[in-house]
>>> print(open('work.json').read())   # JSON, C-alpha atoms
[["chain", "number", "residue", "atom", "x", "y", "z"],
["I", 1, "MET", "CA", -56.75, 153.92, -100.46],
["I", 2, "LYS", "CA", -55.46, 150.33, -100.21],
["I", 3, "HIS", "CA", -52.13, 151.43, -101.68],
["I", 4, "LEU", "CA", -51.91, 154.23, -99.17],
["I", 5, "LYS", "CA", -52.51, 151.86, -96.24],
["I", 6, "LEU", "CA", -49.90, 149.44, -97.59],
["I", 7, "VAL", "CA", -47.31, 152.22, -97.88],
["I", 8, "SER", "CA", -48.03, 153.35, -94.31],
["I", 9, "LEU", "CA", -47.63, 149.79, -93.02],
["I", 10, "LEU", "CA", -44.34, 149.34, -94.83],
["I", 11, "LEU", "CA", -43.00, 152.62, -93.42],
["I", 12, "PHE", "CA", -44.00, 151.55, -89.91],
["I", 13, "ILE", "CA", -42.22, 148.18, -90.27],
["I", 14, "ALA", "CA", -39.10, 149.87, -91.64],
["I", 15, "THR", "CA", -39.03, 152.36, -88.76],
["I", 16, "VAL", "CA", -39.38, 149.60, -86.15],
["I", 17, "THR", "CA", -36.66, 147.55, -87.83],
["I", 18, "LEU", "CA", -34.24, 150.47, -88.00],
["I", 19, "TYR", "CA", -34.88, 151.35, -84.34],
["I", 20, "SER", "CA", -34.29, 147.77, -83.27],
["I", 21, "CYS", "CA", -31.05, 147.55, -85.23],
["I", 22, "GLY", "CA", -29.82, 150.85, -83.82],
["I", 23, "LYS", "CA", -30.62, 149.76, -80.30],
["I", 24, "ASP", "CA", -28.73, 146.50, -80.74],
["I", 25, "GLU", "CA", -25.71, 148.39, -82.02],
["I", 26, "GLU", "CA", -25.73, 150.72, -78.98],
["I", 27, "GLU", "CA", -25.66, 147.90, -76.40],
["I", 28, "PRO", "CA", -22.18, 146.27, -76.32],
["I", 29, "THR", "CA", -21.87, 142.62, -75.54],
["I", 30, "PRO", "CA", -21.19, 142.29, -71.78],
["I", 31, "GLU", "CA", -17.74, 141.01, -70.80],
["I", 32, "PRO", "CA", -17.62, 137.63, -69.10],
["I", 33, "PRO", "CA", -17.15, 137.86, -65.32],
["I", 34, "LYS", "CA", -13.57, 137.68, -64.07],
["I", 35, "PRO", "CA", -12.51, 134.54, -62.20],
["I", 36, "LYS", "CA", -13.13, 134.76, -58.46],
["I", 37, "MET", "CA", -10.13, 135.64, -56.27],
["I", 38, "SER", "CA", -9.98, 136.41, -52.55],
["I", 39, "ILE", "CA", -7.60, 137.08, -49.67],
["I", 40, "SER", "CA", -8.97, 136.55, -46.16],
["I", 41, "PHE", "CA", -7.36, 137.00, -42.76],
["I", 42, "GLN", "CA", -8.09, 134.66, -39.88],
["I", 43, "GLY", "CA", -10.91, 136.08, -37.77],
["I", 44, "ASP", "CA", -11.09, 139.07, -40.15],
["I", 45, "LYS", "CA", -8.07, 140.45, -38.29],
["I", 46, "ILE", "CA", -6.52, 142.99, -40.65],
["I", 47, "ALA", "CA", -4.90, 145.39, -38.15],
["I", 48, "ILE", "CA", -3.34, 145.71, -34.70],
["I", 49, "ASP", "CA", -2.54, 148.56, -32.35],
["I", 50, "TYR", "CA", 1.09, 148.39, -31.21],
["I", 51, "PRO", "CA", 2.25, 147.87, -28.48],
["I", 52, "THR", "CA", -1.13, 146.85, -27.04],
["I", 53, "GLU", "CA", -0.56, 143.86, -29.31],
["I", 54, "ASN", "CA", 3.12, 143.28, -29.78],
["I", 55, "ASN", "CA", 3.26, 140.28, -32.10],
["I", 56, "ILE", "CA", 1.37, 138.94, -35.13],
["I", 57, "ASP", "CA", 0.22, 135.37, -35.68],
["I", 58, "VAL", "CA", -2.54, 135.33, -38.31],
["I", 59, "GLN", "CA", -3.36, 132.86, -41.09],
["I", 60, "VAL", "CA", -3.83, 134.46, -44.51],
["I", 61, "THR", "CA", -5.88, 132.43, -47.02],
["I", 62, "PHE", "CA", -5.53, 132.90, -50.79],
["I", 63, "LYS", "CA", -8.24, 131.51, -53.11],
["I", 64, "ALA", "CA", -8.24, 131.59, -56.92],
["I", 65, "GLU", "CA", -10.84, 130.07, -59.22],
["I", 66, "LYS", "CA", -8.17, 129.74, -61.94],
["I", 67, "ASN", "CA", -5.45, 128.55, -59.52],
["I", 68, "ILE", "CA", -2.60, 130.49, -57.94],
["I", 69, "ALA", "CA", 0.39, 131.52, -60.02],
["I", 70, "ARG", "CA", 2.32, 133.65, -57.51],
["I", 71, "ALA", "CA", 1.90, 135.09, -54.01],
["I", 72, "TYR", "CA", 4.01, 137.74, -52.28],
["I", 73, "TYR", "CA", 3.87, 140.63, -49.84],
["I", 74, "GLN", "CA", 5.52, 144.02, -49.34],
["I", 75, "GLN", "CA", 7.36, 143.97, -46.00],
["I", 76, "PRO", "CA", 7.75, 147.41, -44.38],
["I", 77, "GLN", "CA", 11.20, 148.38, -43.09],
["I", 78, "PRO", "CA", 12.19, 150.62, -40.14],
["I", 79, "ASP", "CA", 13.33, 153.33, -42.57],
["I", 80, "GLY", "CA", 9.89, 153.47, -44.23],
["I", 81, "LYS", "CA", 10.93, 151.52, -47.33],
["I", 82, "TYR", "CA", 9.66, 148.09, -48.42],
["I", 83, "ILE", "CA", 11.10, 144.71, -49.37],
["I", 84, "GLU", "CA", 9.14, 142.28, -51.54],
["I", 85, "ARG", "CA", 8.90, 138.76, -50.10],
["I", 86, "ASP", "CA", 7.81, 135.92, -52.39],
["I", 87, "ILE", "CA", 5.77, 133.36, -50.45],
["I", 88, "THR", "CA", 4.55, 131.16, -53.33],
["I", 89, "ILE", "CA", 6.48, 128.19, -51.93],
["I", 90, "LYS", "CA", 6.34, 129.24, -48.26],
["I", 91, "MET", "CA", 2.78, 128.34, -47.31],
["I", 92, "GLY", "CA", 1.58, 126.20, -44.41],
["I", 93, "PRO", "CA", 2.59, 126.14, -40.72],
["I", 94, "ASN", "CA", 6.24, 125.39, -41.55],
["I", 95, "HIS", "CA", 6.47, 127.80, -44.51],
["I", 96, "SER", "CA", 7.33, 124.85, -46.73],
["I", 97, "ASP", "CA", 4.15, 124.21, -48.76],
["I", 98, "MET", "CA", 3.65, 125.30, -52.37],
["I", 99, "ALA", "CA", 0.75, 127.45, -53.59],
["I", 100, "LEU", "CA", 1.58, 127.19, -57.29],
["I", 101, "ASP", "CA", -1.26, 125.74, -59.42],
["I", 102, "LYS", "CA", -3.51, 125.30, -56.38],
["I", 103, "PRO", "CA", -6.95, 126.88, -55.93],
["I", 104, "GLU", "CA", -6.27, 127.64, -52.25],
["I", 105, "ALA", "CA", -3.26, 128.14, -49.97],
["I", 106, "VAL", "CA", -2.72, 129.39, -46.41],
["I", 107, "TYR", "CA", 0.21, 131.56, -45.35],
["I", 108, "TYR", "CA", 1.07, 131.70, -41.63],
["I", 109, "PHE", "CA", 1.81, 135.39, -41.14],
["I", 110, "GLN", "CA", 4.02, 135.63, -38.05],
["I", 111, "VAL", "CA", 5.98, 138.60, -36.72],
["I", 112, "SER", "CA", 7.71, 138.36, -33.34],
["I", 113, "ASP", "CA", 7.77, 140.90, -30.53],
["I", 114, "GLY", "CA", 11.43, 141.69, -31.23],
["I", 115, "GLU", "CA", 10.81, 142.20, -34.95],
["I", 116, "LEU", "CA", 7.90, 144.55, -34.25],
["I", 117, "ASN", "CA", 9.96, 146.51, -31.72],
["I", 118, "THR", "CA", 12.63, 147.10, -34.35],
["I", 119, "LEU", "CA", 10.10, 147.91, -37.07],
["I", 120, "MET", "CA", 8.04, 150.35, -35.01],
["I", 121, "ALA", "CA", 10.90, 152.11, -33.21],
["I", 122, "HIS", "CA", 10.58, 155.18, -35.47],
["I", 123, "LEU", "CA", 7.33, 154.53, -37.34],
["I", 124, "THR", "CA", 3.78, 155.46, -36.40],
["I", 125, "LYS", "CA", 2.20, 153.15, -38.98],
["I", 126, "ALA", "CA", 3.36, 150.16, -41.02],
["I", 127, "VAL", "CA", 1.42, 148.33, -43.75],
["I", 128, "TYR", "CA", 2.01, 144.80, -45.06],
["I", 129, "THR", "CA", 0.44, 144.46, -48.52],
["I", 130, "PHE", "CA", -0.36, 140.89, -49.58],
["I", 131, "THR", "CA", -0.79, 140.25, -53.32],
["I", 132, "PHE", "CA", -1.30, 137.21, -55.51],
["I", 133, "LYS", "CA", -1.92, 136.43, -59.18],
["I", 134, "ASP", "CA", -3.90, 133.64, -60.78],
["I", 135, "LYS", "CA", -2.94, 131.62, -63.86],
["I", 136, "GLU", "CA", -4.72, 134.09, -66.15],
["I", 137, "GLY", "CA", -2.77, 137.08, -64.83],
["I", 138, "ASN", "CA", -5.54, 138.53, -62.67],
["I", 139, "LYS", "CA", -4.32, 140.15, -59.42],
["I", 140, "LYS", "CA", -5.73, 140.67, -55.92],
["I", 141, "SER", "CA", -4.28, 142.64, -52.96],
["I", 142, "SER", "CA", -5.16, 143.21, -49.29],
["I", 143, "ASN", "CA", -3.45, 145.10, -46.46],
["I", 144, "PHE", "CA", -2.56, 144.33, -42.84],
["I", 145, "THR", "CA", -1.94, 147.53, -40.87],
["I", 146, "ILE", "CA", 0.03, 148.20, -37.68],
["I", 147, "THR", "CA", -0.68, 151.49, -35.92],
["I", 148, "LYS", "CA", 1.44, 152.66, -33.00],
["I", 149, "THR", "CA", -0.48, 154.23, -30.15],
["I", 150, "GLN", "CA", 0.41, 157.84, -29.43],
["I", 151, "ALA", "CA", 3.14, 157.94, -26.79],
["I", 152, "THR", "CA", 6.74, 159.04, -26.35],
["I", 153, "TYR", "CA", 8.70, 155.82, -26.69],
["I", 154, "LEU", "CA", 12.11, 155.43, -25.08],
["I", 155, "THR", "CA", 13.70, 154.17, -28.25],
["I", 156, "LYS", "CA", 17.39, 154.26, -27.29],
["I", 157, "GLU", "CA", 18.50, 151.14, -25.45],
["I", 158, "ILE", "CA", 21.93, 150.71, -23.86],
["I", 159, "THR", "CA", 22.69, 147.03, -23.31],
["I", 160, "ASN", "CA", 26.22, 147.11, -21.87],
["I", 161, "GLY", "CA", 25.65, 148.81, -18.52],
["I", 162, "GLU", "CA", 28.02, 147.54, -15.81],
["I", 163, "LEU", "CA", 28.75, 148.33, -12.19],
["I", 164, "TYR", "CA", 31.73, 147.11, -10.15],
["I", 165, "HIS", "CA", 32.85, 147.19, -6.53],
["I", 166, "TYR", "CA", 33.52, 150.73, -5.35],
["I", 167, "SER", "CA", 36.92, 149.72, -3.98],
["I", 168, "GLY", "CA", 37.85, 147.62, -7.01],
["I", 169, "ALA", "CA", 40.06, 148.43, -9.98],
["I", 170, "LEU", "CA", 37.26, 148.97, -12.50],
["I", 171, "GLY", "CA", 35.74, 152.20, -11.31],
["I", 172, "GLY", "CA", 32.53, 151.45, -9.48],
["I", 173, "GLY", "CA", 30.21, 153.89, -11.27],
["I", 174, "TRP", "CA", 28.07, 154.50, -14.36],
["I", 175, "ASP", "CA", 27.00, 157.64, -16.21],
["I", 176, "LEU", "CA", 23.45, 157.18, -17.55],
["I", 177, "LYS", "CA", 23.58, 160.34, -19.64],
["I", 178, "ASN", "CA", 26.81, 159.56, -21.51],
["I", 179, "ASP", "CA", 26.43, 155.76, -21.38],
["I", 180, "THR", "CA", 29.84, 155.04, -19.93],
["I", 181, "ARG", "CA", 31.56, 153.56, -16.88],
["I", 182, "VAL", "CA", 33.06, 156.14, -14.51],
["I", 183, "THR", "CA", 35.65, 155.92, -11.74],
["I", 184, "THR", "CA", 35.66, 157.36, -8.26],
["I", 185, "SER", "CA", 37.79, 160.24, -9.58],
["I", 186, "ALA", "CA", 35.26, 161.27, -12.25],
["I", 187, "ALA", "CA", 33.33, 164.52, -12.17],
["I", 188, "PRO", "CA", 30.67, 164.15, -9.43],
["I", 189, "SER", "CA", 27.93, 165.30, -11.84],
["I", 190, "THR", "CA", 28.55, 162.18, -13.96],
["I", 191, "MET", "CA", 28.06, 159.77, -11.05],
["I", 192, "TYR", "CA", 24.48, 158.66, -11.67],
["I", 193, "MET", "CA", 25.14, 155.23, -10.14],
["I", 194, "MET", "CA", 28.03, 154.60, -7.71],
["I", 195, "ASN", "CA", 28.44, 151.29, -5.93],
["I", 196, "THR", "CA", 28.08, 151.60, -2.14],
["I", 197, "ASP", "CA", 29.61, 148.32, -0.94],
["I", 198, "ALA", "CA", 32.27, 148.86, 1.71],
["I", 199, "SER", "CA", 35.82, 147.70, 1.05],
["I", 200, "SER", "CA", 35.40, 144.98, 3.67],
["I", 201, "SER", "CA", 32.07, 143.77, 2.23],
["I", 202, "ALA", "CA", 31.14, 141.44, -0.60],
["I", 203, "PHE", "CA", 29.67, 143.00, -3.72],
["I", 204, "THR", "CA", 25.86, 143.33, -3.65],
["I", 205, "GLY", "CA", 25.35, 145.71, -6.59],
["I", 206, "SER", "CA", 23.87, 148.38, -4.32],
["I", 207, "TRP", "CA", 24.32, 151.94, -5.55],
["I", 208, "LYS", "CA", 23.54, 155.61, -5.00],
["I", 209, "SER", "CA", 23.87, 158.83, -6.99],
["I", 210, "ASN", "CA", 26.42, 161.44, -6.06],
["I", 211, "PRO", "CA", 25.06, 164.47, -4.10],
["I", 212, "ALA", "CA", 26.19, 166.64, -7.01],
["I", 213, "ASN", "CA", 24.11, 164.53, -9.36],
["I", 214, "THR", "CA", 20.94, 163.81, -7.29],
["I", 215, "CYS", "CA", 19.48, 161.25, -9.69],
["I", 216, "LYS", "CA", 16.59, 159.51, -7.96],
["I", 217, "PHE", "CA", 15.32, 155.95, -8.38],
["I", 218, "VAL", "CA", 12.04, 154.09, -7.91],
["I", 219, "LYS", "CA", 11.72, 150.32, -8.13],
["I", 220, "ALA", "CA", 9.20, 149.46, -10.86],
["I", 221, "SER", "CA", 6.56, 146.77, -10.55],
["I", 222, "SER", "CA", 7.30, 143.38, -12.10],
["I", 223, "SER", "CA", 4.56, 144.02, -14.68],
["I", 224, "PHE", "CA", 6.19, 147.17, -16.05],
["I", 225, "ASP", "CA", 6.62, 146.81, -19.83],
["I", 226, "TYR", "CA", 10.34, 147.34, -20.34],
["I", 227, "ALA", "CA", 10.28, 146.17, -23.96],
["I", 228, "HIS", "CA", 7.85, 148.95, -24.92],
["I", 229, "ALA", "CA", 8.80, 151.55, -22.34],
["I", 230, "THR", "CA", 7.38, 155.03, -22.84],
["I", 231, "GLU", "CA", 8.11, 158.31, -21.12],
["I", 232, "GLU", "CA", 4.48, 158.46, -20.01],
["I", 233, "ALA", "CA", 4.65, 155.00, -18.40],
["I", 234, "ALA", "CA", 7.99, 155.80, -16.73],
["I", 235, "THR", "CA", 6.63, 159.07, -15.37],
["I", 236, "SER", "CA", 3.55, 157.33, -13.97],
["I", 237, "GLU", "CA", 5.60, 154.54, -12.40],
["I", 238, "PHE", "CA", 8.07, 156.99, -10.87],
["I", 239, "SER", "CA", 5.27, 159.15, -9.45],
["I", 240, "ALA", "CA", 3.60, 156.11, -7.89],
["I", 241, "GLY", "CA", 6.72, 155.17, -5.90],
["I", 242, "THR", "CA", 8.94, 156.75, -3.29],
["I", 243, "PRO", "CA", 11.99, 158.27, -5.01],
["I", 244, "SER", "CA", 15.36, 157.69, -3.41],
["I", 245, "THR", "CA", 18.94, 158.50, -4.34],
["I", 246, "SER", "CA", 20.00, 154.95, -3.41],
["I", 247, "VAL", "CA", 19.13, 151.35, -4.25],
["I", 248, "SER", "CA", 19.93, 148.33, -2.07],
["I", 249, "ASN", "CA", 20.54, 144.72, -3.08],
["I", 250, "PRO", "CA", 19.18, 144.64, -6.64],
["I", 251, "VAL", "CA", 18.68, 141.23, -8.24],
["I", 252, "ALA", "CA", 18.31, 139.96, -11.80],
["I", 253, "ASN", "CA", 15.15, 141.16, -13.58],
["I", 254, "ASP", "CA", 14.52, 143.98, -11.12],
["I", 255, "MET", "CA", 13.54, 147.20, -12.91],
["I", 256, "TYR", "CA", 14.11, 150.75, -11.73],
["I", 257, "ILE", "CA", 12.94, 154.11, -13.04],
["I", 258, "ALA", "CA", 15.70, 156.72, -12.74],
["I", 259, "MET", "CA", 15.01, 160.44, -13.12],
["I", 260, "LEU", "CA", 17.15, 163.54, -13.17],
["I", 261, "ASN", "CA", 15.96, 166.93, -14.43],
["I", 262, "ASN", "CA", 12.76, 165.33, -15.81],
["I", 263, "THR", "CA", 14.76, 162.92, -17.96],
["I", 264, "TYR", "CA", 13.76, 159.31, -17.41],
["I", 265, "TYR", "CA", 15.78, 156.12, -17.66],
["I", 266, "VAL", "CA", 14.25, 152.64, -17.36],
["I", 267, "ILE", "CA", 16.86, 150.23, -15.95],
["I", 268, "LYS", "CA", 16.62, 146.45, -16.04],
["I", 269, "ILE", "CA", 19.10, 144.37, -14.05],
["I", 270, "LYS", "CA", 20.59, 141.46, -15.98],
["I", 271, "ASN", "CA", 22.87, 139.80, -13.44],
["I", 272, "VAL", "CA", 24.60, 140.36, -10.10],
["I", 273, "ASP", "CA", 27.76, 138.28, -9.68],
["I", 274, "PRO", "CA", 29.72, 138.84, -6.40],
["I", 275, "SER", "CA", 32.52, 136.53, -7.56],
["I", 276, "TYR", "CA", 33.29, 138.21, -10.89],
["I", 277, "SER", "CA", 37.05, 138.82, -10.89],
["I", 278, "SER", "CA", 38.24, 139.77, -14.40],
["I", 279, "GLY", "CA", 40.29, 142.94, -13.89],
["I", 280, "THR", "CA", 38.68, 143.78, -10.57],
["I", 281, "GLY", "CA", 41.70, 143.33, -8.35],
["I", 282, "SER", "CA", 41.03, 142.06, -4.85],
["I", 283, "HIS", "CA", 37.52, 143.53, -4.70],
["I", 284, "THR", "CA", 35.45, 141.25, -6.91],
["I", 285, "GLY", "CA", 31.92, 141.68, -8.21],
["I", 286, "GLN", "CA", 29.98, 142.85, -11.22],
["I", 287, "MET", "CA", 26.41, 143.90, -11.96],
["I", 288, "THR", "CA", 25.23, 144.08, -15.59],
["I", 289, "PHE", "CA", 22.15, 145.94, -16.75],
["I", 290, "SER", "CA", 20.44, 147.51, -19.71],
["I", 291, "TYR", "CA", 18.38, 150.68, -19.84],
["I", 292, "LYS", "CA", 16.14, 152.66, -22.14],
["I", 293, "LYS", "CA", 15.95, 156.39, -22.60],
["I", 294, "LYS", "CA", 14.61, 158.98, -25.00]]
>>> encode(input="work.json", output="structure tokens")
Amino acid sequence: MKHLKLVSLLLFIATVTLYSCGKDEEEPTPEPPKPKMSISFQGDKIAIDYPTENNIDVQVTFKAEKNIARAYYQQPQPDGKYIERDITIKMGPNHSDMALDKPEAVYYFQVSDGELNTLMAHLTKAVYTFTFKDKEGNKKSSNFTITKTQATYLTKEITNGELYHYSGALGGGWDLKNDTRVTTSAAPSTMYMMNTDASSSAFTGSWKSNPANTCKFVKASSSFDYAHATEEAATSEFSAGTPSTSVSNPVANDMYIAMLNNTYYVIKIKNVDPSYSSGTGSHTGQMTFSYKKK
């Protein structure tokens, strides 16, 4: 009986030992935690709606427990492609500080209104992807997203609009559809803007459309957003005013909404110079302007 009890005890110990060994073999040794890395945006601002916000000025902070080896971002392009920009040595407010071998660095992420206008002219969304690596080769990425609000943007801008004295040698008119200067002998349908100053009067820049053209104009408010003009905004501004086929005494920075056959043009006056004389003959004067259209 004693031998039988001893055998049973030995079998029990062997079973427990084998179970324990098997259990240990099944549980792999846990990997050590990876070094801490983080990318944070000032105020947790990781996106904007364009053009409600039409520029970016956000500090991006990179932190690496094992120190920074390289930092860069993918810069979206107007054609939908990307360019990689290395910013390892472009940290700080002047983009002149180095992040290499440091545990923390701040990049001043700045995109101007003009740059955003160019970028978002034909895009509905653009994503900047920021990435950095630490000294052990670990990598961390975060995105900053720009989303364009749904609207019909007037993306074509003509910057060389010009109007001269009606009685001068340079024509006196402008065709908004074909983006060209026209003379008094041009087809009446092309005369969107014809100067109305009399031959005995100084140039004021005043204009009207030809009766065969019937383009109408409304002076826009000074708060109208020319830089991000949309068809919807132009329509609303035009509807809120009193359309006329003529405009009197425009001055620099005035804006006008022109409309013909439900096609809108947003005109911004650059300069009115009554004394301009290059090629004008005896009737001096020049008005320059830019305009946006679909």
>>> closest_residue(input="work.json", among="I:Lys102, I:Asn138, I:Asn143, I:Asp57", to="Tyr73 of chain I", atoms="all atoms listed in the file")
I:Asn143
>>> residues_around(input="work.json", residues="Asn271 of chain I", least_positions_apart="4", cutoff="8 Å", atoms="all atoms listed in the file", output="PyMOL selection string")
chain I and resi 251-253+287-289
>>> write_last_selection(input="work.json", atoms="C-alpha atoms", output="PDB file, in the frame of the given file")
ATOM      1  CA  VAL I 251      18.680 141.230  -8.240  1.00  0.00           C
ATOM      2  CA  ALA I 252      18.310 139.960 -11.800  1.00  0.00           C
ATOM      3  CA  ASN I 253      15.150 141.160 -13.580  1.00  0.00           C
ATOM      4  CA  MET I 287      26.410 143.900 -11.960  1.00  0.00           C
ATOM      5  CA  THR I 288      25.230 144.080 -15.590  1.00  0.00           C
ATOM      6  CA  PHE I 289      22.150 145.940 -16.750  1.00  0.00           C
TER       7      PHE I 289
END
>>> atom_distance(input="work.json", atom1="atom CA of Glu232 of chain I", atom2="atom CA of Gly205 of chain I")
27.9 Å
>>> atom_distance(input="work.json", atom1="atom CA of Phe132 of chain I", atom2="atom CA of Ile83 of chain I")
15.7 Å
>>> closest_residue(input="work.json", among="I:Asp134, I:Asp179, I:Glu115, I:Asp197", to="Tyr166 of chain I", atoms="only C-alpha atoms")
I:Asp197
>>> atom_distance(input="work.json", atom1="atom CA of Asn261 of chain I", atom2="atom CA of Lys177 of chain I")
11.3 Å
>>> residues_around(input="work.json", residues="Lys294 of chain I", least_positions_apart="5", cutoff="6 Å", atoms="only C-alpha atoms", output="PyMOL selection string")
chain I and resi 154-156
>>> closest_residue(input="work.json", among="I:Lys270, I:Lys133, I:Arg85, I:Lys148", to="Gly161 of chain I", atoms="all atoms listed in the file")
I:Lys270
